[in-house]
>>> print(open('entry_5.cif').read())   # mmCIF, C-alpha atoms
data_final
loop_
_atom_site.label_atom_id
_atom_site.label_comp_id
_atom_site.auth_asym_id
_atom_site.auth_seq_id
_atom_site.Cartn_x
_atom_site.Cartn_y
_atom_site.Cartn_z
CA MET A 1 229.59 171.69 108.11
CA PRO A 2 232.00 169.60 105.98
CA GLU A 3 231.16 169.81 102.30
CA LEU A 4 232.14 168.17 99.05
CA ASN A 5 233.41 170.20 96.11
CA ILE A 6 233.18 168.55 92.68
CA GLN A 7 234.71 169.93 89.50
CA THR A 8 234.32 168.15 86.17
CA LYS A 9 236.00 168.65 82.81
CA PRO A 10 236.34 166.57 79.66
CA LEU A 11 239.75 164.94 79.18
CA ARG A 12 238.84 163.38 75.82
CA ASP A 13 235.63 162.88 73.87
CA ASP A 14 235.06 159.66 75.81
CA ALA A 15 236.45 160.55 79.25
CA TYR A 16 235.76 163.03 82.05
CA LEU A 17 237.90 164.14 84.95
CA PHE A 18 236.26 164.55 88.35
CA THR A 19 238.28 166.57 90.85
CA LEU A 20 236.88 165.92 94.32
CA GLU A 21 237.67 167.86 97.48
CA GLY A 22 236.31 167.59 101.01
CA PHE A 23 234.06 165.04 102.68
CA LEU A 24 232.34 162.22 100.82
CA ASP A 25 229.82 160.95 103.34
CA ALA A 26 226.12 160.30 104.01
CA HIS A 27 225.53 164.05 103.77
CA THR A 28 227.24 164.59 100.38
CA PHE A 29 227.15 161.29 98.47
CA GLU A 30 224.02 162.18 96.48
CA GLN A 31 225.85 165.20 95.07
CA LEU A 32 228.51 162.90 93.57
CA ASP A 33 225.95 160.34 92.45
CA GLU A 34 223.95 162.96 90.56
CA THR A 35 227.07 164.42 88.93
CA ILE A 36 228.25 161.01 87.73
CA GLN A 37 224.77 160.22 86.37
CA SER A 38 224.80 163.52 84.45
CA ILE A 39 228.03 162.45 82.72
CA PHE A 40 226.62 159.00 81.90
CA GLU A 41 223.65 160.79 80.32
CA LYS A 42 226.13 162.36 77.88
CA ASN A 43 227.06 158.79 76.86
CA VAL A 44 230.49 159.19 78.44
CA PHE A 45 231.40 156.17 80.55
CA ASN A 46 235.10 156.69 81.31
CA ILE A 47 235.70 158.62 84.52
CA VAL A 48 238.96 159.61 86.17
CA ALA A 49 238.28 160.56 89.79
CA ASP A 50 241.09 162.63 91.29
CA MET A 51 240.81 161.81 95.02
CA THR A 52 243.79 163.88 96.17
CA GLY A 53 241.58 166.36 98.00
CA VAL A 54 239.14 163.90 99.58
CA GLU A 55 239.76 164.07 103.33
CA TYR A 56 237.10 161.58 104.39
CA ILE A 57 235.01 158.84 102.83
CA SER A 58 232.37 156.64 104.46
CA SER A 59 230.45 153.66 103.12
CA ALA A 60 227.88 156.02 101.58
CA GLY A 61 230.63 157.62 99.49
CA ALA A 62 232.27 154.32 98.57
CA GLY A 63 228.82 153.00 97.60
CA VAL A 64 228.50 155.67 94.91
CA PHE A 65 231.66 154.42 93.21
CA ILE A 66 230.54 150.78 93.44
CA GLY A 67 227.10 151.52 91.99
CA SER A 68 228.55 153.70 89.23
CA LEU A 69 231.25 151.22 88.25
CA SER A 70 228.78 148.65 86.95
CA VAL A 71 226.96 151.33 84.90
CA ALA A 72 230.28 152.57 83.48
CA GLN A 73 231.33 149.05 82.53
CA GLU A 74 227.96 148.27 80.95
CA GLY A 75 228.50 151.39 78.84
CA GLY A 76 231.93 150.13 77.76
CA GLY A 77 233.86 152.40 80.11
CA ASN A 78 235.48 152.32 83.52
CA ILE A 79 236.22 154.39 86.63
CA VAL A 80 239.83 154.98 87.66
CA LEU A 81 240.74 156.56 90.98
CA VAL A 82 243.77 158.83 91.29
CA ASN A 83 245.97 159.36 94.32
CA PRO A 84 243.63 158.63 97.23
CA THR A 85 244.80 159.82 100.65
CA GLU A 86 245.89 157.27 103.23
CA ASN A 87 242.54 157.39 105.07
CA VAL A 88 240.53 156.93 101.88
CA ARG A 89 242.83 154.17 100.71
CA GLU A 90 242.33 152.34 104.02
CA VAL A 91 238.55 152.36 103.56
CA PHE A 92 238.89 151.06 100.01
CA ASP A 93 241.32 148.36 101.14
CA LEU A 94 239.08 147.22 104.02
CA LEU A 95 236.03 147.05 101.78
CA GLY A 96 237.95 145.08 99.17
CA LEU A 97 237.47 147.86 96.62
CA SER A 98 241.17 148.21 95.85
CA GLN A 99 240.82 144.93 93.96
CA ILE A 100 237.79 146.14 92.01
CA PHE A 101 238.93 149.64 91.08
CA MET A 102 242.04 150.68 89.22
CA ILE A 103 244.00 153.13 91.37
CA GLU A 104 246.70 155.22 89.70
CA PRO A 105 249.17 157.84 90.97
CA ASP A 106 248.28 160.56 88.45
CA ILE A 107 245.76 161.59 85.81
CA ASP A 108 247.93 160.65 82.81
CA ALA A 109 248.40 157.12 84.13
CA ALA A 110 244.66 156.87 84.76
CA LEU A 111 243.76 158.06 81.26
CA ALA A 112 246.11 155.46 79.76
CA LYS A 113 243.91 152.74 81.28
CA PHE A 114 240.96 153.50 78.98
CA MET B 1 239.16 162.37 128.21
CA ASN B 2 235.49 161.67 127.76
CA ILE B 3 232.53 163.30 126.08
CA ARG B 4 228.84 162.49 126.36
CA PHE B 5 226.09 164.30 124.51
CA SER B 6 222.91 163.73 122.56
CA VAL B 7 221.67 164.87 119.16
CA PRO B 8 218.25 164.66 117.49
CA ALA B 9 217.78 161.42 115.52
CA THR B 10 217.75 163.31 112.22
CA GLN B 11 220.23 163.95 109.41
CA GLU B 12 220.76 167.48 110.79
CA GLY B 13 221.39 165.98 114.21
CA ILE B 14 224.04 163.67 112.76
CA THR B 15 225.86 166.66 111.29
CA GLN B 16 225.72 168.53 114.64
CA GLY B 17 227.15 165.48 116.37
CA ALA B 18 229.97 165.13 113.85
CA ASP B 19 231.01 168.74 114.50
CA GLN B 20 231.01 168.14 118.27
CA ILE B 21 233.11 164.99 117.90
CA THR B 22 235.62 166.77 115.65
CA SER B 23 236.02 169.60 118.19
CA PHE B 24 236.44 167.13 121.06
CA LEU B 25 239.07 165.04 119.23
CA GLU B 26 241.02 168.13 118.21
CA ALA B 27 241.05 169.41 121.81
CA ALA B 28 242.19 165.96 122.99
CA HIS B 29 245.01 165.88 120.40
CA ALA B 30 243.75 162.48 119.26
CA PRO B 31 245.88 160.92 116.49
CA VAL B 32 244.65 161.26 112.92
CA GLN B 33 243.89 157.56 112.42
CA LEU B 34 242.01 157.16 115.68
CA SER B 35 239.98 160.28 114.95
CA TYR B 36 239.17 159.05 111.48
CA HIS B 37 237.97 155.69 112.78
CA LEU B 38 235.80 157.28 115.47
CA GLY B 39 234.29 159.66 112.94
CA LEU B 40 233.49 156.78 110.63
CA ALA B 41 231.99 154.67 113.42
CA TYR B 42 229.77 157.55 114.49
CA GLU B 43 228.58 158.34 110.98
CA GLU B 44 227.89 154.75 110.00
CA LEU B 45 225.98 153.89 113.18
CA ALA B 46 224.06 157.16 113.47
CA THR B 47 223.10 157.06 109.78
CA ASN B 48 221.77 153.53 110.22
CA ILE B 49 219.67 154.63 113.21
CA VAL B 50 218.17 157.59 111.34
CA LYS B 51 217.57 155.64 108.12
CA TYR B 52 216.39 152.31 109.48
CA GLY B 53 215.58 152.81 113.16
CA TYR B 54 212.91 155.33 112.26
CA GLU B 55 211.79 153.97 108.92
CA TYR B 56 208.32 153.13 110.30
CA LYS B 57 207.96 156.07 112.69
CA GLN B 58 208.88 159.71 112.13
CA ALA B 59 211.54 160.81 114.62
CA THR B 60 210.41 163.63 116.92
CA GLU B 61 212.41 166.13 118.98
CA GLN B 62 212.25 163.62 121.83
CA ASP B 63 213.96 160.97 119.72
CA VAL B 64 217.64 161.39 120.32
CA ILE B 65 220.88 159.51 119.81
CA LEU B 66 223.14 159.48 122.87
CA ILE B 67 226.86 159.40 122.10
CA SER B 68 229.67 158.68 124.57
CA ILE B 69 233.35 158.61 123.63
CA GLU B 70 236.17 157.61 125.95
CA LEU B 71 239.80 158.17 125.01
CA SER B 72 242.61 156.46 126.87
CA GLY B 73 246.37 156.85 126.76
CA THR B 74 248.58 159.94 126.62
CA PRO B 75 248.54 160.84 123.80
CA PRO B 76 245.31 158.92 123.17
CA ASP B 77 245.94 155.56 121.54
CA ALA B 78 242.69 153.74 122.28
CA SER B 79 239.06 154.69 122.32
CA GLN B 80 235.54 153.46 122.73
CA ILE B 81 232.38 154.90 121.25
CA ARG B 82 228.97 154.00 122.68
CA ILE B 83 225.80 154.88 120.82
CA GLU B 84 222.33 154.54 122.34
CA ASP B 85 218.98 155.07 120.70
CA HIS B 86 215.32 154.32 121.39
CA SER B 87 214.33 153.06 117.96
CA HIS B 88 213.04 149.54 117.36
CA PRO B 89 215.37 146.67 118.34
CA TYR B 90 218.15 146.44 115.77
CA ASN B 91 221.44 144.62 116.15
CA PRO B 92 223.65 145.81 113.29
CA PHE B 93 226.12 143.00 113.89
CA GLU B 94 223.55 140.22 113.50
CA GLN B 95 224.07 140.39 109.77
CA PRO B 96 226.55 137.82 108.50
CA PRO B 97 229.91 139.22 107.35
CA GLN B 98 229.77 140.27 103.69
CA SER B 99 232.12 138.31 101.48
CA ASP B 100 230.86 139.62 98.15
CA ILE B 101 231.43 143.35 98.33
CA GLU B 102 229.61 144.17 95.10
CA SER B 103 226.51 142.40 96.39
CA ALA B 104 226.97 144.18 99.70
CA ALA B 105 226.93 147.51 97.93
CA GLU B 106 223.74 146.65 96.12
CA ASP B 107 222.27 145.64 99.47
CA ARG B 108 222.68 149.05 101.07
CA ALA B 109 219.02 148.96 102.15
CA ILE B 110 220.13 147.19 105.28
CA GLY B 111 223.26 149.27 105.74
CA GLY B 112 225.47 146.29 104.97
CA LEU B 113 228.46 148.13 103.53
CA GLY B 114 228.95 150.42 106.54
CA ILE B 115 228.64 147.59 109.04
CA HIS B 116 231.07 145.52 107.00
CA LEU B 117 233.53 148.43 107.25
CA LEU B 118 233.08 148.80 111.02
CA ARG B 119 233.65 145.11 111.61
CA LYS B 120 236.98 145.48 109.83
CA LEU B 121 238.01 148.70 111.57
CA ALA B 122 237.08 148.04 115.19
CA SER B 123 239.04 145.87 117.59
CA HIS B 124 235.80 144.98 119.39
CA VAL B 125 232.09 145.39 118.66
CA SER B 126 229.10 144.70 120.89
CA TYR B 127 225.35 145.22 120.96
CA GLU B 128 222.69 144.86 123.62
CA ARG B 129 219.02 145.80 124.00
CA HIS B 130 218.46 147.22 127.47
CA ASP B 131 215.63 149.39 128.90
CA ASP B 132 214.09 149.68 125.42
CA LYS B 133 217.37 151.04 124.09
CA ASN B 134 219.76 149.80 121.44
CA ILE B 135 223.27 150.08 122.86
CA THR B 136 226.11 149.63 120.40
CA ILE B 137 229.75 149.84 121.45
CA LEU B 138 232.85 149.85 119.28
CA ALA B 139 236.43 149.90 120.52
CA PHE B 140 239.46 151.04 118.54
CA LYS B 141 243.16 150.69 119.13
CA ASP B 142 245.49 153.03 117.27
CA GLN B 143 247.98 150.87 115.43
CA ASP B 144 250.44 153.71 114.93
CA PRO B 145 250.22 156.47 117.55
CA ALA B 146 252.95 158.35 115.70
CA LEU B 147 250.54 159.13 112.85
#
>>> encode(input="entry_5.cif", output="structure tokens")
Amino acid sequence: MPELNIQTKPLRDDAYLFTLEGFLDAHTFEQLDETIQSIFEKNVFNIVADMTGVEYISSAGAGVFIGSLSVAQEGGGNIVLVNPTENVREVFDLLGLSQIFMIEPDIDAALAKF
Amino acid sequence: MNIRFSVPATQEGITQGADQITSFLEAAHAPVQLSYHLGLAYEELATNIVKYGYEYKQATEQDVILISIELSGTPPDASQIRIEDHSHPYNPFEQPPQSDIESAAEDRAIGGLGIHLLRKLASHVSYERHDDKNITILAFKDQDPAL
């Protein structure tokens, strides 16, 4: 069964890195949602999501990012996506999310956006 | 190459079906993009059936989702997925196209985001209610068979 692996680590006092690997779908999206909420509860609202290892994303997965973005922005932060694969990028493009999210090639470039 | 099978109309059933589709597409040497689109179509439609088709009635072992996939071309460059279920009448494509994606995301209670995605991905979509079944068909054309 395809799974999602999430690793988190602080990049700065006000920013966390999420390294995501695997499948972000209707089966795994709650795992990401809960992890993001746990970071917001620390009053950290800047998130860099390294998407390099995400093989598959469906609307359930994309919906987590959309829902979390407004919370991040209300907290004075943002969510920046790093290096999505071609398949993931296509889903973001078709949903119009590439215009809503900042997408950067690497973590340093993403961190510079905060 | 074709495949036709059924899975229980449950979250576990969806996962079983996804594994079967992956194995079939690998055996058929389907291109990456076509496989990705079929996988998405299956997940979005089957998830909608489980979440909304049975929101008023608990699905039983007899409640199944029937999946048929047809690949055409050598190597495959076009495909059609047909999904049938016995839940209450529900045409996913009756919803108007979503223009405001942030609103669409907030409106996930009716599965709007996934259907919006499928409308964009598929070359053709259709729905009919026949013999107390919802029958949804999506067709895909690989834009770059070399992928």
>>> resolve_selection(input="entry_5.cif", expression="the PyMOL selection byres ((chain A) within 10 of (chain B))", output="VMD selection string")
chain A and resid 1 to 2 25 to 27 55 to 60 62 to 67 69 to 70 86 to 88 90 to 97 100
>>> closest_residue(input="entry_5.cif", among="A:Met51, A:Phe18, A:Val82, A:Gln73", to="Asp33 (chain A)", atoms="all atoms listed in the file")
A:Phe18
>>> resolve_selection(input="entry_5.cif", expression="the PyMOL selection byres ((chain B and resi 6) around 8)", output="ChimeraX atom specification")
/B:4-5,7-8,17,64-67
>>> closest_residue(input="entry_5.cif", among="A:Val71, A:Ile39, A:Leu81, A:Val44", to="Ile107 (chain A)", atoms="only C-alpha atoms")
A:Leu81
>>> resolve_selection(input="entry_5.cif", expression="the PyMOL selection byres ((chain B and resi 54) around 10)", output="list in words")
Ala9, Thr10, Asn48, Ile49, Val50, Lys51, Tyr52, Gly53, Glu55, Tyr56, Lys57, Gln58, Ala59, Thr60, Asp63, His86, Ser87 and His88 of chain B
>>> atom_distance(input="entry_5.cif", atom1="CA of Glu34 (chain A)", atom2="CA of Pro105 (chain A)")
25.7 Å
>>> axis_aligned_box(input="entry_5.cif", around="region 17-34 of chain A", padding_each_side="8 Å", output="AutoDock Vina command-line options")
--center_x 231.1 --center_y 164.1 --center_z 94.5 --size_x 30.3 --size_y 23.6 --size_z 35.1
>>> decode(input="entry_5.cif", residues="region 34-48 of chain B", atoms="all heavy atoms", output="PDB file, in the first residue's frame")
ATOM      1  N   LEU B  34       0.060   8.683 -18.748  1.00  0.00           N
ATOM      2  CA  LEU B  34      -1.244   8.038 -18.883  1.00  0.00           C
ATOM      3  C   LEU B  34      -1.594   7.275 -17.602  1.00  0.00           C
ATOM      4  O   LEU B  34      -2.730   7.323 -17.116  1.00  0.00           O
ATOM      5  CB  LEU B  34      -1.202   7.080 -20.077  1.00  0.00           C
ATOM      6  CG  LEU B  34      -2.530   6.661 -20.699  1.00  0.00           C
ATOM      7  CD1 LEU B  34      -3.292   7.859 -21.220  1.00  0.00           C
ATOM      8  CD2 LEU B  34      -2.291   5.655 -21.823  1.00  0.00           C
ATOM      9  N   SER B  35      -0.619   6.597 -17.049  1.00  0.00           N
ATOM     10  CA  SER B  35      -0.840   5.845 -15.815  1.00  0.00           C
ATOM     11  C   SER B  35      -1.213   6.777 -14.670  1.00  0.00           C
ATOM     12  O   SER B  35      -2.093   6.479 -13.858  1.00  0.00           O
ATOM     13  CB  SER B  35       0.425   5.060 -15.447  1.00  0.00           C
ATOM     14  OG  SER B  35       0.738   4.142 -16.448  1.00  0.00           O
ATOM     15  N   TYR B  36      -0.521   7.909 -14.616  1.00  0.00           N
ATOM     16  CA  TYR B  36      -0.789   8.870 -13.554  1.00  0.00           C
ATOM     17  C   TYR B  36      -2.222   9.403 -13.663  1.00  0.00           C
ATOM     18  O   TYR B  36      -2.950   9.498 -12.673  1.00  0.00           O
ATOM     19  CB  TYR B  36       0.216  10.021 -13.652  1.00  0.00           C
ATOM     20  CG  TYR B  36       0.287  10.881 -12.420  1.00  0.00           C
ATOM     21  CD1 TYR B  36       1.032  10.475 -11.319  1.00  0.00           C
ATOM     22  CD2 TYR B  36      -0.387  12.100 -12.344  1.00  0.00           C
ATOM     23  CE1 TYR B  36       1.105  11.254 -10.184  1.00  0.00           C
ATOM     24  CE2 TYR B  36      -0.317  12.882 -11.212  1.00  0.00           C
ATOM     25  CZ  TYR B  36       0.433  12.463 -10.134  1.00  0.00           C
ATOM     26  OH  TYR B  36       0.495  13.234  -9.002  1.00  0.00           O
ATOM     27  N   HIS B  37      -2.627   9.706 -14.872  1.00  0.00           N
ATOM     28  CA  HIS B  37      -3.974  10.255 -15.068  1.00  0.00           C
ATOM     29  C   HIS B  37      -5.054   9.218 -14.725  1.00  0.00           C
ATOM     30  O   HIS B  37      -6.069   9.542 -14.112  1.00  0.00           O
ATOM     31  CB  HIS B  37      -4.137  10.726 -16.514  1.00  0.00           C
ATOM     32  CG  HIS B  37      -3.302  11.926 -16.832  1.00  0.00           C
ATOM     33  ND1 HIS B  37      -3.155  12.430 -18.096  1.00  0.00           N
ATOM     34  CD2 HIS B  37      -2.559  12.730 -16.037  1.00  0.00           C
ATOM     35  CE1 HIS B  37      -2.364  13.489 -18.076  1.00  0.00           C
ATOM     36  NE2 HIS B  37      -1.979  13.690 -16.832  1.00  0.00           N
ATOM     37  N   LEU B  38      -4.823   7.972 -15.121  1.00  0.00           N
ATOM     38  CA  LEU B  38      -5.795   6.919 -14.801  1.00  0.00           C
ATOM     39  C   LEU B  38      -5.880   6.703 -13.292  1.00  0.00           C
ATOM     40  O   LEU B  38      -6.966   6.519 -12.743  1.00  0.00           O
ATOM     41  CB  LEU B  38      -5.401   5.615 -15.494  1.00  0.00           C
ATOM     42  CG  LEU B  38      -5.773   5.517 -16.972  1.00  0.00           C
ATOM     43  CD1 LEU B  38      -5.073   4.334 -17.623  1.00  0.00           C
ATOM     44  CD2 LEU B  38      -7.286   5.400 -17.134  1.00  0.00           C
ATOM     45  N   GLY B  39      -4.721   6.707 -12.651  1.00  0.00           N
ATOM     46  CA  GLY B  39      -4.704   6.545 -11.195  1.00  0.00           C
ATOM     47  C   GLY B  39      -5.451   7.655 -10.493  1.00  0.00           C
ATOM     48  O   GLY B  39      -6.221   7.423  -9.543  1.00  0.00           O
ATOM     49  N   LEU B  40      -5.257   8.879 -10.977  1.00  0.00           N
ATOM     50  CA  LEU B  40      -5.968  10.022 -10.394  1.00  0.00           C
ATOM     51  C   LEU B  40      -7.473   9.908 -10.617  1.00  0.00           C
ATOM     52  O   LEU B  40      -8.271  10.140  -9.710  1.00  0.00           O
ATOM     53  CB  LEU B  40      -5.480  11.325 -11.032  1.00  0.00           C
ATOM     54  CG  LEU B  40      -4.349  12.072 -10.350  1.00  0.00           C
ATOM     55  CD1 LEU B  40      -3.930  13.258 -11.213  1.00  0.00           C
ATOM     56  CD2 LEU B  40      -4.766  12.561  -8.961  1.00  0.00           C
ATOM     57  N   ALA B  41      -7.851   9.556 -11.857  1.00  0.00           N
ATOM     58  CA  ALA B  41      -9.284   9.457 -12.173  1.00  0.00           C
ATOM     59  C   ALA B  41      -9.944   8.428 -11.266  1.00  0.00           C
ATOM     60  O   ALA B  41     -11.026   8.663 -10.711  1.00  0.00           O
ATOM     61  CB  ALA B  41      -9.468   9.065 -13.641  1.00  0.00           C
ATOM     62  N   TYR B  42      -9.284   7.285 -11.124  1.00  0.00           N
ATOM     63  CA  TYR B  42      -9.831   6.234 -10.266  1.00  0.00           C
ATOM     64  C   TYR B  42      -9.977   6.729  -8.832  1.00  0.00           C
ATOM     65  O   TYR B  42     -11.046   6.578  -8.216  1.00  0.00           O
ATOM     66  CB  TYR B  42      -8.933   4.995 -10.325  1.00  0.00           C
ATOM     67  CG  TYR B  42      -9.237   4.014  -9.220  1.00  0.00           C
ATOM     68  CD1 TYR B  42     -10.398   3.258  -9.250  1.00  0.00           C
ATOM     69  CD2 TYR B  42      -8.387   3.872  -8.129  1.00  0.00           C
ATOM     70  CE1 TYR B  42     -10.706   2.380  -8.226  1.00  0.00           C
ATOM     71  CE2 TYR B  42      -8.684   3.003  -7.100  1.00  0.00           C
ATOM     72  CZ  TYR B  42      -9.844   2.257  -7.152  1.00  0.00           C
ATOM     73  OH  TYR B  42     -10.153   1.411  -6.137  1.00  0.00           O
ATOM     74  N   GLU B  43      -8.912   7.310  -8.293  1.00  0.00           N
ATOM     75  CA  GLU B  43      -8.972   7.719  -6.885  1.00  0.00           C
ATOM     76  C   GLU B  43     -10.044   8.784  -6.653  1.00  0.00           C
ATOM     77  O   GLU B  43     -10.834   8.706  -5.704  1.00  0.00           O
ATOM     78  CB  GLU B  43      -7.624   8.260  -6.402  1.00  0.00           C
ATOM     79  CG  GLU B  43      -7.675   8.563  -4.902  1.00  0.00           C
ATOM     80  CD  GLU B  43      -6.584   9.484  -4.409  1.00  0.00           C
ATOM     81  OE1 GLU B  43      -5.438   9.370  -4.862  1.00  0.00           O
ATOM     82  OE2 GLU B  43      -6.900  10.340  -3.544  1.00  0.00           O
ATOM     83  N   GLU B  44     -10.083   9.773  -7.540  1.00  0.00           N
ATOM     84  CA  GLU B  44     -11.038  10.868  -7.328  1.00  0.00           C
ATOM     85  C   GLU B  44     -12.486  10.365  -7.400  1.00  0.00           C
ATOM     86  O   GLU B  44     -13.321  10.709  -6.559  1.00  0.00           O
ATOM     87  CB  GLU B  44     -10.822  11.979  -8.364  1.00  0.00           C
ATOM     88  CG  GLU B  44      -9.439  12.624  -8.379  1.00  0.00           C
ATOM     89  CD  GLU B  44      -9.135  13.468  -7.149  1.00  0.00           C
ATOM     90  OE1 GLU B  44     -10.016  13.630  -6.280  1.00  0.00           O
ATOM     91  OE2 GLU B  44      -8.001  13.963  -7.047  1.00  0.00           O
ATOM     92  N   LEU B  45     -12.773   9.534  -8.410  1.00  0.00           N
ATOM     93  CA  LEU B  45     -14.152   9.059  -8.571  1.00  0.00           C
ATOM     94  C   LEU B  45     -14.534   8.064  -7.478  1.00  0.00           C
ATOM     95  O   LEU B  45     -15.628   8.152  -6.900  1.00  0.00           O
ATOM     96  CB  LEU B  45     -14.329   8.416  -9.956  1.00  0.00           C
ATOM     97  CG  LEU B  45     -14.267   9.387 -11.139  1.00  0.00           C
ATOM     98  CD1 LEU B  45     -14.280   8.620 -12.451  1.00  0.00           C
ATOM     99  CD2 LEU B  45     -15.435  10.381 -11.097  1.00  0.00           C
ATOM    100  N   ALA B  46     -13.640   7.125  -7.181  1.00  0.00           N
ATOM    101  CA  ALA B  46     -13.967   6.111  -6.179  1.00  0.00           C
ATOM    102  C   ALA B  46     -14.101   6.753  -4.791  1.00  0.00           C
ATOM    103  O   ALA B  46     -14.981   6.378  -4.000  1.00  0.00           O
ATOM    104  CB  ALA B  46     -12.892   5.024  -6.178  1.00  0.00           C
ATOM    105  N   THR B  47     -13.260   7.733  -4.503  1.00  0.00           N
ATOM    106  CA  THR B  47     -13.346   8.413  -3.204  1.00  0.00           C
ATOM    107  C   THR B  47     -14.678   9.145  -3.080  1.00  0.00           C
ATOM    108  O   THR B  47     -15.322   9.110  -2.028  1.00  0.00           O
ATOM    109  CB  THR B  47     -12.172   9.402  -3.030  1.00  0.00           C
ATOM    110  OG1 THR B  47     -10.949   8.668  -3.085  1.00  0.00           O
ATOM    111  CG2 THR B  47     -12.251  10.130  -1.691  1.00  0.00           C
ATOM    112  N   ASN B  48     -15.098   9.783  -4.164  1.00  0.00           N
ATOM    113  CA  ASN B  48     -16.394  10.470  -4.145  1.00  0.00           C
ATOM    114  C   ASN B  48     -17.534   9.490  -3.878  1.00  0.00           C
ATOM    115  O   ASN B  48     -18.459   9.791  -3.128  1.00  0.00           O
ATOM    116  CB  ASN B  48     -16.643  11.174  -5.483  1.00  0.00           C
ATOM    117  CG  ASN B  48     -16.150  12.604  -5.469  1.00  0.00           C
ATOM    118  OD1 ASN B  48     -15.517  13.034  -4.518  1.00  0.00           O
ATOM    119  ND2 ASN B  48     -16.429  13.336  -6.533  1.00  0.00           N
TER     120      ASN B  48
END
